[in-house]
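Text of model08.csv (CSV, C-alpha atoms) as supplied:
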chain,number,residue,atom,x,y,z
A,1,MET,CA,22.9,-9.0,8.2
A,2,LYS,CA,20.9,-5.8,7.7
A,3,THR,CA,22.6,-5.3,4.3
A,4,PHE,CA,21.8,-8.9,3.4
A,5,LEU,CA,18.1,-8.4,4.3
A,6,LEU,CA,18.0,-5.1,2.4
A,7,LEU,CA,19.5,-6.7,-0.7
A,8,TRP,CA,16.8,-9.4,-0.4
A,9,ALA,CA,13.9,-7.1,0.2
A,10,MET,CA,14.6,-4.2,-2.2
A,11,PRO,CA,14.2,-6.2,-5.5
A,12,ILE,CA,11.0,-7.8,-4.1
A,13,VAL,CA,9.5,-4.5,-3.2
A,14,LEU,CA,10.5,-2.9,-6.5
A,15,LEU,CA,9.1,-5.8,-8.5
A,16,GLY,CA,5.9,-5.9,-6.4
A,17,THR,CA,5.4,-2.2,-6.8
A,18,TRP,CA,5.9,-2.3,-10.5
A,19,TYR,CA,3.7,-5.3,-11.0
A,20,SER,CA,0.8,-3.9,-9.0
A,21,LEU,CA,1.0,-0.4,-10.5
A,22,SER,CA,1.2,-1.7,-14.0
A,23,TYR,CA,-1.4,-4.4,-13.5
A,24,TYR,CA,-3.9,-1.8,-12.4
A,25,ASP,CA,-2.7,0.7,-15.0
A,26,ILE,CA,-1.7,3.4,-12.4
A,27,SER,CA,0.9,5.0,-14.6
A,28,PHE,CA,1.4,8.5,-13.2
A,29,GLY,CA,2.3,9.4,-16.8
A,30,ILE,CA,5.2,6.9,-16.9
A,31,PHE,CA,5.1,4.4,-19.8
A,32,MET,CA,6.7,1.6,-17.9
A,33,LEU,CA,3.8,1.7,-15.4
A,34,THR,CA,1.1,1.3,-18.0
A,35,ARG,CA,-0.9,-1.9,-18.7
A,36,GLN,CA,0.5,-1.9,-22.2
A,37,ALA,CA,4.1,-2.1,-20.9
A,38,HIS,CA,3.0,-4.8,-18.4
A,39,GLU,CA,1.6,-6.9,-21.2
A,40,LEU,CA,4.7,-6.3,-23.4
A,41,VAL,CA,7.1,-7.3,-20.7
A,42,PHE,CA,5.3,-10.5,-20.0
A,43,GLN,CA,4.9,-11.2,-23.7
A,44,ILE,CA,8.7,-10.8,-24.2
A,45,TYR,CA,9.5,-13.0,-21.2
A,46,GLY,CA,7.0,-15.6,-22.4
A,47,ASN,CA,8.5,-15.7,-25.8
A,48,VAL,CA,12.1,-16.0,-24.4
A,49,LEU,CA,11.1,-18.8,-22.0
A,50,GLY,CA,8.7,-20.5,-24.5
A,51,ILE,CA,5.8,-20.5,-22.0
A,52,PRO,CA,2.5,-18.6,-22.0
A,53,PRO,CA,2.9,-15.1,-20.5
A,54,GLU,CA,0.1,-15.6,-17.9
A,55,THR,CA,2.0,-18.4,-16.2
A,56,ILE,CA,5.0,-16.2,-15.4
A,57,PRO,CA,3.6,-14.3,-12.4
A,58,PRO,CA,2.8,-17.4,-10.4
A,59,LEU,CA,6.2,-18.8,-11.1
A,60,VAL,CA,7.8,-15.6,-9.9
A,61,MET,CA,5.7,-15.7,-6.8
A,62,ARG,CA,6.8,-19.3,-6.0
A,63,ALA,CA,10.4,-18.3,-6.6
A,64,ILE,CA,10.1,-15.4,-4.1
A,65,VAL,CA,8.5,-17.7,-1.5
A,66,VAL,CA,11.2,-20.4,-1.9
A,67,ASP,CA,14.0,-17.8,-1.8
A,68,SER,CA,12.5,-16.2,1.3
A,69,ALA,CA,12.2,-19.6,3.0
A,70,VAL,CA,15.8,-20.3,2.3
A,71,LEU,CA,16.9,-16.9,3.5
A,72,PHE,CA,14.9,-17.1,6.8
A,73,ALA,CA,16.2,-20.7,7.3
A,74,ILE,CA,19.8,-19.4,7.0
A,75,ILE,CA,19.0,-16.5,9.4
A,76,GLY,CA,17.3,-18.9,11.8
A,77,PHE,CA,20.3,-21.3,11.7
A,78,ARG,CA,22.7,-18.4,12.4
A,79,ARG,CA,20.7,-17.2,15.4
A,80,ARG,CA,19.6,-20.6,16.7
A,81,LYS,CA,21.1,-20.1,20.1
A,82,LYS,CA,19.2,-16.9,20.7
A,83,ILE,CA,16.0,-18.4,19.3
A,84,ILE,CA,16.3,-21.5,21.6
A,85,ALA,CA,16.9,-19.2,24.6
A,86,TRP,CA,13.9,-17.1,23.8
A,87,TRP,CA,11.8,-20.2,23.3
A,88,LYS,CA,12.8,-21.7,26.7
A,89,ALA,CA,12.2,-18.4,28.5
A,90,ARG,CA,8.8,-18.2,26.8
A,91,GLN,CA,7.9,-21.8,27.9
A,92,GLU,CA,9.0,-21.1,31.5
A,93,LYS,CA,6.6,-18.2,31.7
A,94,SER,CA,3.7,-20.3,30.5
A,95,VAL,CA,4.1,-23.0,33.2
A,96,PRO,CA,0.9,-23.2,35.3
A,97,LEU,CA,1.0,-22.0,38.8
A,98,SER,CA,1.4,-24.5,41.6
A,99,SER,CA,-1.6,-25.5,43.7
A,100,GLU,CA,-0.2,-23.4,46.6
A,101,ALA,CA,-0.2,-20.3,44.5
A,102,ARG,CA,-3.8,-20.8,43.3
A,103,ALA,CA,-6.6,-19.1,45.2
A,104,SER,CA,-8.3,-21.1,47.9
A,105,MET,CA,-11.8,-22.3,47.4
A,106,ASP,CA,-13.0,-19.8,50.2
A,107,SER,CA,-12.0,-16.8,48.2
A,108,LEU,CA,-13.7,-17.8,45.0
A,109,SER,CA,-17.0,-16.3,44.1
A,110,SER,CA,-20.2,-18.3,44.6
A,111,ALA,CA,-21.9,-16.9,41.6
A,112,PRO,CA,-23.9,-19.4,39.5

Output the structure of this file as structure tokens.
Amino acid sequence: MKTFLLLWAMPIVLLGTWYSLSYYDISFGIFMLTRQAHELVFQIYGNVLGIPPETIPPLVMRAIVVDSAVLFAIIGFRRRKKIIAWWKARQEKSVPLSSEARASMDSLSSAP
């Protein structure tokens, strides 16, 4: 499962890092991190897909969100017994105290 999560997270981290560094032109002397390369990459993808280049980043973000939702749904389904047990234990802790366990009216402060 750890390998699965790593294989999911690594491309997202690499893409996000490249996108943010190239968008803000923080290149560290590497051409691929320049704004010029950023524009070129999205121009090429736009031409290949036949859509305007400025519409590609929101599409990629939606794809990442959908893929992440599917991944976490799979993980949640695989661990549903542990999640249900955790939820029941959490709910039992939040049950209000009985009237006997509450403080009596005599011990309460009479502050206004």

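Once region 7-16 of chain A and its same-chain neighbours fewer than 3 positions away are set aside, Lys2, Thr3, Phe4, Tyr19, Ser20, Leu21, Ile64, Asp67, Ser68 and Leu71 of chain A remain within 9 Å of it when counting only C-alpha atoms.
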
Please produce a file of those selected residues containing C-alpha atoms, as a tab-separated table (two decimals), in the frame of the given file.
chain	number	residue	atom	x	y	z
A	2	LYS	CA	20.90	-5.80	7.70
A	3	THR	CA	22.60	-5.30	4.30
A	4	PHE	CA	21.80	-8.90	3.40
A	19	TYR	CA	3.70	-5.30	-11.00
A	20	SER	CA	0.80	-3.90	-9.00
A	21	LEU	CA	1.00	-0.40	-10.50
A	64	ILE	CA	10.10	-15.40	-4.10
A	67	ASP	CA	14.00	-17.80	-1.80
A	68	SER	CA	12.50	-16.20	1.30
A	71	LEU	CA	16.90	-16.90	3.50

task: Neighbourhood query: residues within 9 Å of (-2.3, -2.4, -18.1), file coordinates, counting all atoms listed in the file; return as number ranges by chain.
output: A: 21-27, 33-39

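Interatomic distance, CA of Gly76 (chain A) to CA of Leu5 (chain A): 12.9 Å.
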
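We find CA of Ala73 (chain A) and CA of Thr17 (chain A) to be spaced 25.6 Å apart.
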
- request: Select, counting only C-alpha atoms, all protein, DNA and RNA residues no farther than 12 Å from (2.4, -18.1, -17.4) in file coordinates, and express the selection as a list of chain:residue names.
  value: A:Glu39, A:Phe42, A:Gln43, A:Ile44, A:Tyr45, A:Gly46, A:Asn47, A:Leu49, A:Gly50, A:Ile51, A:Pro52, A:Pro53, A:Glu54, A:Thr55, A:Ile56, A:Pro57, A:Pro58, A:Leu59, A:Val60, A:Met61

Could you write region 33-44 of chain A as a PDB file, in the coordinates of the input, with all heavy atoms rebuilt where they are missing?
ATOM      1  N   LEU A  33       4.859   2.039 -16.342  1.00  0.00           N
ATOM      2  CA  LEU A  33       3.800   1.700 -15.400  1.00  0.00           C
ATOM      3  C   LEU A  33       2.461   1.453 -16.033  1.00  0.00           C
ATOM      4  O   LEU A  33       1.483   1.223 -15.327  1.00  0.00           O
ATOM      5  CB  LEU A  33       3.722   2.728 -14.279  1.00  0.00           C
ATOM      6  CG  LEU A  33       4.967   2.929 -13.430  1.00  0.00           C
ATOM      7  CD1 LEU A  33       4.747   4.046 -12.423  1.00  0.00           C
ATOM      8  CD2 LEU A  33       5.372   1.652 -12.733  1.00  0.00           C
ATOM      9  N   THR A  34       2.390   1.507 -17.363  1.00  0.00           N
ATOM     10  CA  THR A  34       1.100   1.300 -18.000  1.00  0.00           C
ATOM     11  C   THR A  34       0.810  -0.174 -18.217  1.00  0.00           C
ATOM     12  O   THR A  34       1.707  -1.021 -18.166  1.00  0.00           O
ATOM     13  CB  THR A  34       1.100   1.982 -19.422  1.00  0.00           C
ATOM     14  OG1 THR A  34       2.101   1.364 -20.236  1.00  0.00           O
ATOM     15  CG2 THR A  34       1.354   3.474 -19.320  1.00  0.00           C
ATOM     16  N   ARG A  35      -0.447  -0.484 -18.431  1.00  0.00           N
ATOM     17  CA  ARG A  35      -0.900  -1.900 -18.700  1.00  0.00           C
ATOM     18  C   ARG A  35      -0.252  -2.389 -19.972  1.00  0.00           C
ATOM     19  O   ARG A  35       0.066  -3.569 -20.095  1.00  0.00           O
ATOM     20  CB  ARG A  35      -2.390  -1.950 -18.693  1.00  0.00           C
ATOM     21  CG  ARG A  35      -2.956  -3.315 -18.899  1.00  0.00           C
ATOM     22  CD  ARG A  35      -2.656  -4.200 -17.721  1.00  0.00           C
ATOM     23  NE  ARG A  35      -3.142  -5.540 -17.991  1.00  0.00           N
ATOM     24  CZ  ARG A  35      -3.348  -6.435 -17.080  1.00  0.00           C
ATOM     25  NH1 ARG A  35      -3.110  -6.164 -15.823  1.00  0.00           N
ATOM     26  NH2 ARG A  35      -3.773  -7.621 -17.389  1.00  0.00           N
ATOM     27  N   GLN A  36      -0.091  -1.504 -20.937  1.00  0.00           N
ATOM     28  CA  GLN A  36       0.500  -1.900 -22.200  1.00  0.00           C
ATOM     29  C   GLN A  36       1.950  -2.367 -22.010  1.00  0.00           C
ATOM     30  O   GLN A  36       2.363  -3.393 -22.578  1.00  0.00           O
ATOM     31  CB  GLN A  36       0.481  -0.697 -23.172  1.00  0.00           C
ATOM     32  CG  GLN A  36       1.014  -0.993 -24.550  1.00  0.00           C
ATOM     33  CD  GLN A  36       0.994   0.243 -25.436  1.00  0.00           C
ATOM     34  OE1 GLN A  36       0.717   1.349 -24.970  1.00  0.00           O
ATOM     35  NE2 GLN A  36       1.309   0.061 -26.701  1.00  0.00           N
ATOM     36  N   ALA A  37       2.714  -1.664 -21.200  1.00  0.00           N
ATOM     37  CA  ALA A  37       4.100  -2.100 -20.900  1.00  0.00           C
ATOM     38  C   ALA A  37       4.087  -3.394 -20.119  1.00  0.00           C
ATOM     39  O   ALA A  37       4.938  -4.262 -20.337  1.00  0.00           O
ATOM     40  CB  ALA A  37       4.821  -0.999 -20.133  1.00  0.00           C
ATOM     41  N   HIS A  38       3.131  -3.536 -19.214  1.00  0.00           N
ATOM     42  CA  HIS A  38       3.000  -4.800 -18.400  1.00  0.00           C
ATOM     43  C   HIS A  38       2.802  -5.966 -19.359  1.00  0.00           C
ATOM     44  O   HIS A  38       3.501  -6.977 -19.229  1.00  0.00           O
ATOM     45  CB  HIS A  38       1.775  -4.594 -17.505  1.00  0.00           C
ATOM     46  CG  HIS A  38       1.465  -5.777 -16.661  1.00  0.00           C
ATOM     47  ND1 HIS A  38       1.973  -5.933 -15.395  1.00  0.00           N
ATOM     48  CD2 HIS A  38       0.694  -6.861 -16.884  1.00  0.00           C
ATOM     49  CE1 HIS A  38       1.521  -7.061 -14.880  1.00  0.00           C
ATOM     50  NE2 HIS A  38       0.734  -7.642 -15.769  1.00  0.00           N
ATOM     51  N   GLU A  39       1.865  -5.833 -20.273  1.00  0.00           N
ATOM     52  CA  GLU A  39       1.600  -6.900 -21.200  1.00  0.00           C
ATOM     53  C   GLU A  39       2.828  -7.176 -22.115  1.00  0.00           C
ATOM     54  O   GLU A  39       3.150  -8.334 -22.406  1.00  0.00           O
ATOM     55  CB  GLU A  39       0.393  -6.577 -22.103  1.00  0.00           C
ATOM     56  CG  GLU A  39      -0.896  -6.392 -21.344  1.00  0.00           C
ATOM     57  CD  GLU A  39      -1.432  -7.682 -20.761  1.00  0.00           C
ATOM     58  OE1 GLU A  39      -1.106  -8.756 -21.294  1.00  0.00           O
ATOM     59  OE2 GLU A  39      -2.167  -7.605 -19.762  1.00  0.00           O
ATOM     60  N   LEU A  40       3.490  -6.117 -22.549  1.00  0.00           N
ATOM     61  CA  LEU A  40       4.700  -6.300 -23.400  1.00  0.00           C
ATOM     62  C   LEU A  40       5.800  -6.986 -22.688  1.00  0.00           C
ATOM     63  O   LEU A  40       6.426  -7.896 -23.256  1.00  0.00           O
ATOM     64  CB  LEU A  40       5.138  -4.879 -23.868  1.00  0.00           C
ATOM     65  CG  LEU A  40       6.370  -4.846 -24.778  1.00  0.00           C
ATOM     66  CD1 LEU A  40       6.067  -5.556 -26.101  1.00  0.00           C
ATOM     67  CD2 LEU A  40       6.797  -3.421 -25.026  1.00  0.00           C
ATOM     68  N   VAL A  41       6.057  -6.627 -21.438  1.00  0.00           N
ATOM     69  CA  VAL A  41       7.100  -7.300 -20.700  1.00  0.00           C
ATOM     70  C   VAL A  41       6.857  -8.763 -20.526  1.00  0.00           C
ATOM     71  O   VAL A  41       7.738  -9.599 -20.764  1.00  0.00           O
ATOM     72  CB  VAL A  41       7.287  -6.594 -19.286  1.00  0.00           C
ATOM     73  CG1 VAL A  41       8.126  -7.441 -18.357  1.00  0.00           C
ATOM     74  CG2 VAL A  41       7.899  -5.220 -19.435  1.00  0.00           C
ATOM     75  N   PHE A  42       5.638  -9.124 -20.146  1.00  0.00           N
ATOM     76  CA  PHE A  42       5.300 -10.500 -20.000  1.00  0.00           C
ATOM     77  C   PHE A  42       5.263 -11.289 -21.286  1.00  0.00           C
ATOM     78  O   PHE A  42       5.573 -12.480 -21.336  1.00  0.00           O
ATOM     79  CB  PHE A  42       4.064 -10.726 -19.135  1.00  0.00           C
ATOM     80  CG  PHE A  42       4.303 -10.463 -17.681  1.00  0.00           C
ATOM     81  CD1 PHE A  42       3.846  -9.304 -17.088  1.00  0.00           C
ATOM     82  CD2 PHE A  42       5.026 -11.361 -16.911  1.00  0.00           C
ATOM     83  CE1 PHE A  42       4.088  -9.053 -15.754  1.00  0.00           C
ATOM     84  CE2 PHE A  42       5.268 -11.119 -15.571  1.00  0.00           C
ATOM     85  CZ  PHE A  42       4.801  -9.952 -14.995  1.00  0.00           C
ATOM     86  N   GLN A  43       4.892 -10.601 -22.364  1.00  0.00           N
ATOM     87  CA  GLN A  43       4.900 -11.200 -23.700  1.00  0.00           C
ATOM     88  C   GLN A  43       6.356 -11.546 -24.093  1.00  0.00           C
ATOM     89  O   GLN A  43       6.649 -12.633 -24.596  1.00  0.00           O
ATOM     90  CB  GLN A  43       4.256 -10.323 -24.724  1.00  0.00           C
ATOM     91  CG  GLN A  43       4.103 -10.948 -26.081  1.00  0.00           C
ATOM     92  CD  GLN A  43       3.157 -12.134 -26.060  1.00  0.00           C
ATOM     93  OE1 GLN A  43       2.136 -12.105 -25.402  1.00  0.00           O
ATOM     94  NE2 GLN A  43       3.509 -13.184 -26.779  1.00  0.00           N
ATOM     95  N   ILE A  44       7.261 -10.604 -23.860  1.00  0.00           N
ATOM     96  CA  ILE A  44       8.700 -10.800 -24.200  1.00  0.00           C
ATOM     97  C   ILE A  44       9.244 -11.975 -23.359  1.00  0.00           C
ATOM     98  O   ILE A  44       9.894 -12.879 -23.895  1.00  0.00           O
ATOM     99  CB  ILE A  44       9.496  -9.533 -23.987  1.00  0.00           C
ATOM    100  CG1 ILE A  44       9.110  -8.499 -25.050  1.00  0.00           C
ATOM    101  CG2 ILE A  44      10.991  -9.813 -24.031  1.00  0.00           C
ATOM    102  CD1 ILE A  44       9.673  -7.111 -24.796  1.00  0.00           C
TER     103      ILE A  44
END
